[in-house]
file target-v4.txt (compact mmCIF, C-alpha atoms and all ligand atoms)
# COMPACT_ATOMS: atom_id res chain seq x y z
CA MET A 1 43.57 76.26 27.20
CA SER A 2 40.23 77.83 26.40
CA GLU A 3 38.91 77.75 22.84
CA GLY A 4 39.29 81.55 22.60
CA ALA A 5 43.01 81.38 23.30
CA ARG A 6 43.65 78.65 20.75
CA THR A 7 46.34 79.45 18.19
CA ILE A 8 45.11 79.88 14.64
CA ARG A 9 46.71 77.17 12.51
CA LYS A 10 47.77 78.61 9.19
CA ALA A 11 49.14 76.70 6.20
CA VAL A 12 50.61 77.68 2.85
CA CYS A 13 49.82 75.69 -0.31
CA PRO A 14 52.57 76.76 -2.72
CA GLY A 15 52.74 76.15 -6.45
CA SER A 16 53.00 77.69 -9.87
CA TYR A 17 49.33 77.01 -10.66
CA ASP A 18 49.97 77.44 -14.39
CA PRO A 19 47.02 76.99 -14.60
CA ALA A 20 44.98 75.78 -11.61
CA THR A 21 43.50 72.31 -12.08
CA ASN A 22 40.83 70.34 -10.24
CA GLY A 23 43.72 68.44 -8.62
CA HIS A 24 44.97 71.67 -7.00
CA LEU A 25 41.43 72.52 -5.88
CA ASP A 26 41.09 69.08 -4.30
CA ILE A 27 44.26 69.56 -2.24
CA ILE A 28 43.33 73.12 -1.24
CA GLY A 29 39.80 72.13 -0.22
CA ARG A 30 41.14 69.31 1.91
CA ALA A 31 43.82 71.54 3.49
CA ALA A 32 41.10 74.10 4.28
CA ARG A 33 39.29 71.44 6.33
CA ILE A 34 42.41 70.63 8.35
CA PHE A 35 43.73 74.17 8.95
CA ASP A 36 42.01 77.30 10.22
CA HIS A 37 43.45 79.37 7.42
CA VAL A 38 45.07 78.47 4.10
CA ILE A 39 47.20 80.81 2.00
CA ILE A 40 47.57 79.73 -1.62
CA GLY A 41 51.08 80.92 -2.49
CA VAL A 42 51.40 81.50 -6.22
CA VAL A 43 55.06 81.47 -7.21
CA ASP A 44 55.77 84.54 -9.32
CA GLN A 45 58.55 83.07 -11.45
CA PRO A 46 59.03 79.33 -10.89
CA VAL A 47 62.68 78.26 -11.06
CA ARG A 48 61.98 74.63 -11.90
CA LYS A 49 59.82 75.40 -14.92
CA GLN A 50 60.24 77.32 -18.14
CA LYS A 51 58.36 80.54 -18.68
CA THR A 52 54.78 80.23 -17.48
CA LEU A 53 51.88 80.27 -19.93
CA PHE A 54 49.88 82.65 -17.74
CA THR A 55 51.13 85.69 -15.80
CA ALA A 56 51.25 85.55 -12.01
CA GLU A 57 48.19 87.84 -11.88
CA GLU A 58 46.24 85.58 -14.23
CA ARG A 59 47.25 82.43 -12.31
CA ALA A 60 46.31 84.03 -8.99
CA GLY A 61 43.01 85.26 -10.43
CA PHE A 62 41.99 81.79 -11.66
CA ILE A 63 42.67 80.11 -8.33
CA GLU A 64 41.13 82.99 -6.35
CA ARG A 65 37.83 82.78 -8.21
CA ALA A 66 37.83 78.97 -8.12
CA THR A 67 38.18 79.02 -4.30
CA ALA A 68 35.84 81.98 -3.66
CA ASP A 69 33.43 79.65 -1.81
CA LEU A 70 36.07 78.76 0.81
CA ASP A 71 36.03 81.49 3.50
CA ASN A 72 39.31 80.48 5.11
CA VAL A 73 41.37 80.53 1.91
CA GLU A 74 43.27 83.49 0.48
CA VAL A 75 45.61 83.88 -2.50
CA MET A 76 48.95 85.68 -2.50
CA VAL A 77 51.68 85.93 -5.13
CA PHE A 78 55.22 85.58 -3.80
CA SER A 79 58.73 85.74 -5.18
CA THR A 80 60.86 85.02 -2.11
CA LEU A 81 61.98 81.86 -0.32
CA LEU A 82 58.98 79.69 0.58
CA VAL A 83 59.84 79.27 4.27
CA GLY A 84 60.34 83.04 4.57
CA PHE A 85 57.00 83.68 2.89
CA ALA A 86 55.30 81.22 5.26
CA ARG A 87 56.87 82.76 8.36
CA GLU A 88 56.12 86.36 7.32
CA ASN A 89 52.47 85.43 6.98
CA GLY A 90 52.22 83.54 10.25
CA ALA A 91 51.97 80.08 8.66
CA THR A 92 53.67 77.17 10.42
CA THR A 93 52.97 74.47 7.82
CA ILE A 94 53.59 73.99 4.11
CA VAL A 95 51.00 71.70 2.54
CA LYS A 96 51.76 69.94 -0.73
CA GLY A 97 49.92 67.40 -2.83
CA LEU A 98 51.62 64.11 -3.66
CA ARG A 99 50.78 62.26 -6.83
CA ALA A 100 53.32 59.63 -7.82
CA ILE A 101 56.81 58.45 -7.00
CA SER A 102 58.16 61.25 -9.18
CA ASP A 103 56.58 63.88 -6.90
CA PHE A 104 57.99 62.10 -3.88
CA GLU A 105 61.63 62.37 -4.92
CA TYR A 106 61.42 66.09 -5.56
CA GLU A 107 59.36 66.75 -2.46
CA PHE A 108 61.71 64.73 -0.29
CA GLU A 109 64.64 66.89 -1.39
CA MET A 110 62.71 70.15 -0.93
CA ASN A 111 61.57 68.98 2.49
CA GLN A 112 65.16 68.52 3.68
CA LEU A 113 66.24 71.88 2.26
CA ASN A 114 63.32 73.77 3.78
CA ARG A 115 63.84 72.09 7.14
CA LYS A 116 67.48 73.15 7.11
CA LEU A 117 66.51 76.72 6.27
CA ASP A 118 63.81 76.92 8.93
CA PRO A 119 63.20 73.96 11.26
CA GLY A 120 60.18 75.83 12.69
CA ILE A 121 58.16 75.35 9.51
CA GLU A 122 56.75 71.83 9.08
CA SER A 123 55.78 70.32 5.72
CA ALA A 124 52.71 68.11 5.40
CA TYR A 125 51.55 66.07 2.41
CA VAL A 126 48.09 65.30 1.15
CA MET A 127 47.77 62.30 -1.16
CA ALA A 128 46.17 63.01 -4.53
CA SER A 129 42.64 61.69 -4.89
CA PRO A 130 42.62 58.75 -7.35
CA GLU A 131 40.61 60.69 -9.93
CA TYR A 132 43.28 63.41 -10.04
CA SER A 133 46.43 61.42 -9.51
CA PHE A 134 47.29 61.64 -13.23
CA LEU A 135 46.48 65.34 -13.49
CA SER A 136 49.14 68.05 -13.86
CA SER A 137 49.17 71.60 -15.21
CA THR A 138 51.73 70.48 -17.77
CA GLY A 139 49.49 67.64 -18.96
CA VAL A 140 46.51 69.97 -19.22
CA LYS A 141 48.52 72.44 -21.32
CA GLU A 142 49.68 69.65 -23.63
CA LEU A 143 46.13 68.40 -24.08
CA ALA A 144 44.86 71.90 -24.78
CA THR A 145 47.65 72.53 -27.31
CA PHE A 146 46.34 69.67 -29.41
CA GLY A 147 42.73 70.68 -29.02
CA GLY A 148 41.87 68.05 -26.38
CA ASP A 149 38.89 68.56 -24.10
CA VAL A 150 40.06 69.71 -20.65
CA SER A 151 36.65 70.72 -19.29
CA ASP A 152 36.61 67.86 -16.74
CA LEU A 153 40.08 68.69 -15.49
CA VAL A 154 40.09 72.42 -14.77
CA PRO A 155 37.67 75.17 -13.65
CA VAL A 156 35.43 76.45 -16.50
CA GLU A 157 37.20 79.80 -16.63
CA VAL A 158 40.57 78.07 -17.04
CA ALA A 159 39.29 75.84 -19.85
CA THR A 160 38.08 78.93 -21.72
CA ALA A 161 41.33 80.83 -21.12
CA LEU A 162 43.38 77.84 -22.30
CA SER A 163 41.50 77.47 -25.56
CA GLU A 164 41.76 81.25 -26.17
CA ARG A 165 45.50 81.22 -25.46
CA MET A 166 46.12 78.19 -27.67
CA LYS A 167 44.45 79.85 -30.64
CA ARG A 168 47.24 82.44 -30.69
P1 LIG B 201 52.09 71.08 -11.24
O1 LIG B 201 53.04 70.06 -10.66
O2 LIG B 201 50.80 70.50 -11.72
O3 LIG B 201 52.73 72.03 -12.23
P2 LIG B 201 52.25 73.07 -9.14
O4 LIG B 201 53.69 73.32 -9.25
O5 LIG B 201 51.35 74.23 -9.36
O6 LIG B 201 51.66 71.93 -10.04
O7 LIG B 201 51.97 72.36 -7.76
C1 LIG B 201 51.33 72.87 -6.66
C2 LIG B 201 51.04 71.75 -5.70
O8 LIG B 201 49.92 71.02 -6.12
C3 LIG B 201 52.16 70.73 -5.55
O9 LIG B 201 52.20 70.34 -4.20
C4 LIG B 201 51.71 69.59 -6.42
O10 LIG B 201 52.27 68.36 -6.01
C5 LIG B 201 50.23 69.64 -6.17
N1 LIG B 201 49.43 69.05 -7.21
C6 LIG B 201 49.36 69.42 -8.51
N2 LIG B 201 48.48 68.66 -9.18
C7 LIG B 201 47.96 67.78 -8.28
C8 LIG B 201 47.01 66.71 -8.34
N3 LIG B 201 46.43 66.39 -9.48
N4 LIG B 201 46.73 66.04 -7.22
C9 LIG B 201 47.36 66.36 -6.07
N5 LIG B 201 48.26 67.33 -5.93
C10 LIG B 201 48.57 68.04 -7.02
call {"tool": "encode", "arguments": {"input": "target-v4.txt", "output": "structure tokens"}}
result
Amino acid sequence: MSEGARTIRKAVCPGSYDPATNGHLDIIGRAARIFDHVIIGVVDQPVRKQKTLFTAEERAGFIERATADLDNVEVMVFSTLLVGFARENGATTIVKGLRAISDFEYEFEMNQLNRKLDPGIESAYVMASPEYSFLSSTGVKELATFGGDVSDLVPVEVATALSERMKR
């Protein structure tokens, strides 16, 4: 097959991104090197979590501006089934980051469910970089609640927004 006829490989990186952390950016940057195009799928209203701290528009805005330097990455908010969202947007792969054993159990279950729903969509996992393997949005919010310094853990804009939000 000639290079011109090659299929564009698209992936979705789904998450609540409440808010985006440097751990998310690490996974997205690495996915963007593997795939031709990466869609960051921001879940509108996550089922697994309580009400989000930031609105879907705010969460999408943070991650959009933090990935503005990556030409093959776009951000979309979605509120439907993940495999359906992937298929509608021409993505054949779901990329997720894996931190610890705890992530594995949940991801293993979701993998089986998604495969049952749509065997044509494959899931792939990128291992967290050691410096971010402890980092979660929940942890960042907890730190910020008690006035901890999160500037090394999240994009600058997110650190500012977190301290503003916590003042209220
Ligand atoms: P969180 O679990 O931090 O609330 P999300 O629900 O937004 O994050 O997760 C989006 C994706 O990013 C998931 O695949 C999650 O495993 C991954 N992820 C989150 N934080 C990290 C990290 N520090 N390193 C690697 N992957 C991560």
call {"tool": "closest_residue", "arguments": {"input": "target-v4.txt", "among": "A:Ala31, A:Ala20, A:Leu81, A:Ile63", "to": "ligand LIG 201 (chain B)", "atoms": "all atoms listed in the file"}}
result
A:Ala20
call {"tool": "atom_distance", "arguments": {"input": "target-v4.txt", "atom1": "atom CA of A:Asn114", "atom2": "atom CA of A:Pro14"}}
result
12.9 Å
call {"tool": "residues_around", "arguments": {"input": "target-v4.txt", "residues": "A:Gly29", "least_positions_apart": "5", "cutoff": "9 Å", "atoms": "only C-alpha atoms", "output": "list in words"}}
result
His24, Thr67, Leu70 and Val73 of chain A
call {"tool": "residues_near_ligand", "arguments": {"input": "target-v4.txt", "ligand": "ligand LIG 201 (chain B)", "cutoff": "9 Å", "atoms": "all atoms listed in the file", "output": "PyMOL selection string"}}
result
chain A and resi 13-28+42-43+46+48-49+95-100+103-104+107+125-140
call {"tool": "residues_around", "arguments": {"input": "target-v4.txt", "residues": "A:Phe85", "least_positions_apart": "2", "cutoff": "12 Å", "atoms": "only C-alpha atoms", "output": "list in words"}}
result
Ala11, Val12, Cys13, Pro14, Ile39, Ile40, Gly41, Val42, Val43, Met76, Val77, Phe78, Ser79, Thr80, Leu81, Leu82, Val83, Arg87, Glu88, Asn89, Gly90, Ala91, Thr92, Thr93, Ile94, Asn114, Asp118 and Ile121 of chain A
call {"tool": "axis_aligned_box", "arguments": {"input": "target-v4.txt", "around": "stretch 28-47 of chain A", "padding_each_side": "8 Å", "output": "AutoDock Vina command-line options"}}
result
--center_x 51.0 --center_y 76.9 --center_z -0.6 --size_x 39.4 --size_y 31.2 --size_z 37.7
call {"tool": "residues_near_point", "arguments": {"input": "target-v4.txt", "point": "(43.6, 76.0, -17.3)", "cutoff": "9 Å", "atoms": "all atoms listed in the file", "output": "PyMOL selection string"}}
result
chain A and resi 17-21+59+62+137+140-141+144+150-151+153-163
call {"tool": "write_last_selection", "arguments": {"input": "target-v4.txt", "atoms": "C-alpha atoms", "output": "compact mmCIF listing (two decimals), in the frame of the given file"}}
result
# COMPACT_ATOMS: atom_id res chain seq x y z
CA TYR A 17 49.33 77.01 -10.66
CA ASP A 18 49.97 77.44 -14.39
CA PRO A 19 47.02 76.99 -14.60
CA ALA A 20 44.98 75.78 -11.61
CA THR A 21 43.50 72.31 -12.08
CA ARG A 59 47.25 82.43 -12.31
CA PHE A 62 41.99 81.79 -11.66
CA SER A 137 49.17 71.60 -15.21
CA VAL A 140 46.51 69.97 -19.22
CA LYS A 141 48.52 72.44 -21.32
CA ALA A 144 44.86 71.90 -24.78
CA VAL A 150 40.06 69.71 -20.65
CA SER A 151 36.65 70.72 -19.29
CA LEU A 153 40.08 68.69 -15.49
CA VAL A 154 40.09 72.42 -14.77
CA PRO A 155 37.67 75.17 -13.65
CA VAL A 156 35.43 76.45 -16.50
CA GLU A 157 37.20 79.80 -16.63
CA VAL A 158 40.57 78.07 -17.04
CA ALA A 159 39.29 75.84 -19.85
CA THR A 160 38.08 78.93 -21.72
CA ALA A 161 41.33 80.83 -21.12
CA LEU A 162 43.38 77.84 -22.30
CA SER A 163 41.50 77.47 -25.56
call {"tool": "atom_distance", "arguments": {"input": "target-v4.txt", "atom1": "atom CA of A:Lys10", "atom2": "atom CA of A:Ala86"}}
result
8.9 Å
call {"tool": "atom_distance", "arguments": {"input": "target-v4.txt", "atom1": "atom CA of A:Ile8", "atom2": "atom CA of A:Ser123"}}
result
16.9 Å
call {"tool": "closest_residue", "arguments": {"input": "target-v4.txt", "among": "A:Ala5, A:Val47, A:Leu53, A:Ala60", "to": "A:Glu164", "atoms": "all atoms listed in the file"}}
result
A:Leu53
call {"tool": "build_atoms", "arguments": {"input": "target-v4.txt", "residues": "stretch 138-163 of chain A", "atoms": "N, CA and C atoms", "output": "mmCIF file, in the frame of the given file"}}
result
data_model
loop_
_atom_site.group_PDB
_atom_site.id
_atom_site.type_symbol
_atom_site.label_atom_id
_atom_site.label_comp_id
_atom_site.auth_asym_id
_atom_site.auth_seq_id
_atom_site.Cartn_x
_atom_site.Cartn_y
_atom_site.Cartn_z
ATOM 1 N N THR A 138 50.997 70.735 -16.527
ATOM 2 C CA THR A 138 51.730 70.480 -17.770
ATOM 3 C C THR A 138 50.908 69.603 -18.716
ATOM 4 N N GLY A 139 50.314 68.548 -18.161
ATOM 5 C CA GLY A 139 49.490 67.640 -18.960
ATOM 6 C C GLY A 139 48.301 68.366 -19.565
ATOM 7 N N VAL A 140 47.677 69.225 -18.763
ATOM 8 C CA VAL A 140 46.510 69.970 -19.220
ATOM 9 C C VAL A 140 46.903 70.902 -20.381
ATOM 10 N N LYS A 141 48.067 71.536 -20.243
ATOM 11 C CA LYS A 141 48.520 72.440 -21.320
ATOM 12 C C LYS A 141 48.806 71.655 -22.593
ATOM 13 N N GLU A 142 49.387 70.478 -22.446
ATOM 14 C CA GLU A 142 49.680 69.650 -23.630
ATOM 15 C C GLU A 142 48.392 69.236 -24.319
ATOM 16 N N LEU A 143 47.425 68.794 -23.516
ATOM 17 C CA LEU A 143 46.130 68.400 -24.080
ATOM 18 C C LEU A 143 45.496 69.557 -24.836
ATOM 19 N N ALA A 144 45.503 70.725 -24.182
ATOM 20 C CA ALA A 144 44.860 71.900 -24.780
ATOM 21 C C ALA A 144 45.573 72.320 -26.063
ATOM 22 N N THR A 145 46.885 72.158 -26.108
ATOM 23 C CA THR A 145 47.650 72.530 -27.310
ATOM 24 C C THR A 145 47.157 71.763 -28.532
ATOM 25 N N PHE A 146 46.789 70.490 -28.290
ATOM 26 C CA PHE A 146 46.340 69.670 -29.410
ATOM 27 C C PHE A 146 44.818 69.597 -29.501
ATOM 28 N N GLY A 147 44.177 70.576 -28.888
ATOM 29 C CA GLY A 147 42.730 70.680 -29.020
ATOM 30 C C GLY A 147 41.932 69.679 -28.195
ATOM 31 N N GLY A 148 42.587 69.013 -27.231
ATOM 32 C CA GLY A 148 41.870 68.050 -26.380
ATOM 33 C C GLY A 148 40.898 68.753 -25.437
ATOM 34 N N ASP A 149 39.906 67.996 -24.992
ATOM 35 C CA ASP A 149 38.890 68.560 -24.100
ATOM 36 C C ASP A 149 39.384 68.508 -22.647
ATOM 37 N N VAL A 150 39.547 69.670 -22.030
ATOM 38 C CA VAL A 150 40.060 69.710 -20.650
ATOM 39 C C VAL A 150 38.965 70.118 -19.661
ATOM 40 N N SER A 151 37.710 70.172 -20.130
ATOM 41 C CA SER A 151 36.650 70.720 -19.290
ATOM 42 C C SER A 151 36.407 69.930 -17.989
ATOM 43 N N ASP A 152 36.780 68.649 -17.975
ATOM 44 C CA ASP A 152 36.610 67.860 -16.740
ATOM 45 C C ASP A 152 37.785 68.035 -15.785
ATOM 46 N N LEU A 153 38.828 68.670 -16.255
ATOM 47 C CA LEU A 153 40.080 68.690 -15.490
ATOM 48 C C LEU A 153 40.395 70.015 -14.818
ATOM 49 N N VAL A 154 39.777 71.071 -15.284
ATOM 50 C CA VAL A 154 40.090 72.420 -14.770
ATOM 51 C C VAL A 154 38.801 73.219 -14.565
ATOM 52 N N PRO A 155 38.856 74.312 -13.775
ATOM 53 C CA PRO A 155 37.670 75.170 -13.650
ATOM 54 C C PRO A 155 37.257 75.719 -15.032
ATOM 55 N N VAL A 156 35.972 76.005 -15.198
ATOM 56 C CA VAL A 156 35.430 76.450 -16.500
ATOM 57 C C VAL A 156 36.223 77.635 -17.065
ATOM 58 N N GLU A 157 36.504 78.602 -16.186
ATOM 59 C CA GLU A 157 37.200 79.800 -16.630
ATOM 60 C C GLU A 157 38.588 79.463 -17.195
ATOM 61 N N VAL A 158 39.232 78.481 -16.593
ATOM 62 C CA VAL A 158 40.570 78.070 -17.040
ATOM 63 C C VAL A 158 40.475 77.372 -18.393
ATOM 64 N N ALA A 159 39.462 76.544 -18.565
ATOM 65 C CA ALA A 159 39.290 75.840 -19.850
ATOM 66 C C ALA A 159 39.110 76.854 -20.968
ATOM 67 N N THR A 160 38.317 77.893 -20.716
ATOM 68 C CA THR A 160 38.080 78.930 -21.720
ATOM 69 C C THR A 160 39.379 79.683 -22.020
ATOM 70 N N ALA A 161 40.084 80.069 -20.954
ATOM 71 C CA ALA A 161 41.330 80.830 -21.120
ATOM 72 C C ALA A 161 42.368 80.005 -21.893
ATOM 73 N N LEU A 162 42.409 78.704 -21.614
ATOM 74 C CA LEU A 162 43.380 77.840 -22.300
ATOM 75 C C LEU A 162 43.072 77.765 -23.789
ATOM 76 N N SER A 163 41.790 77.605 -24.133
ATOM 77 C CA SER A 163 41.500 77.470 -25.560
ATOM 78 C C SER A 163 41.737 78.802 -26.272
#
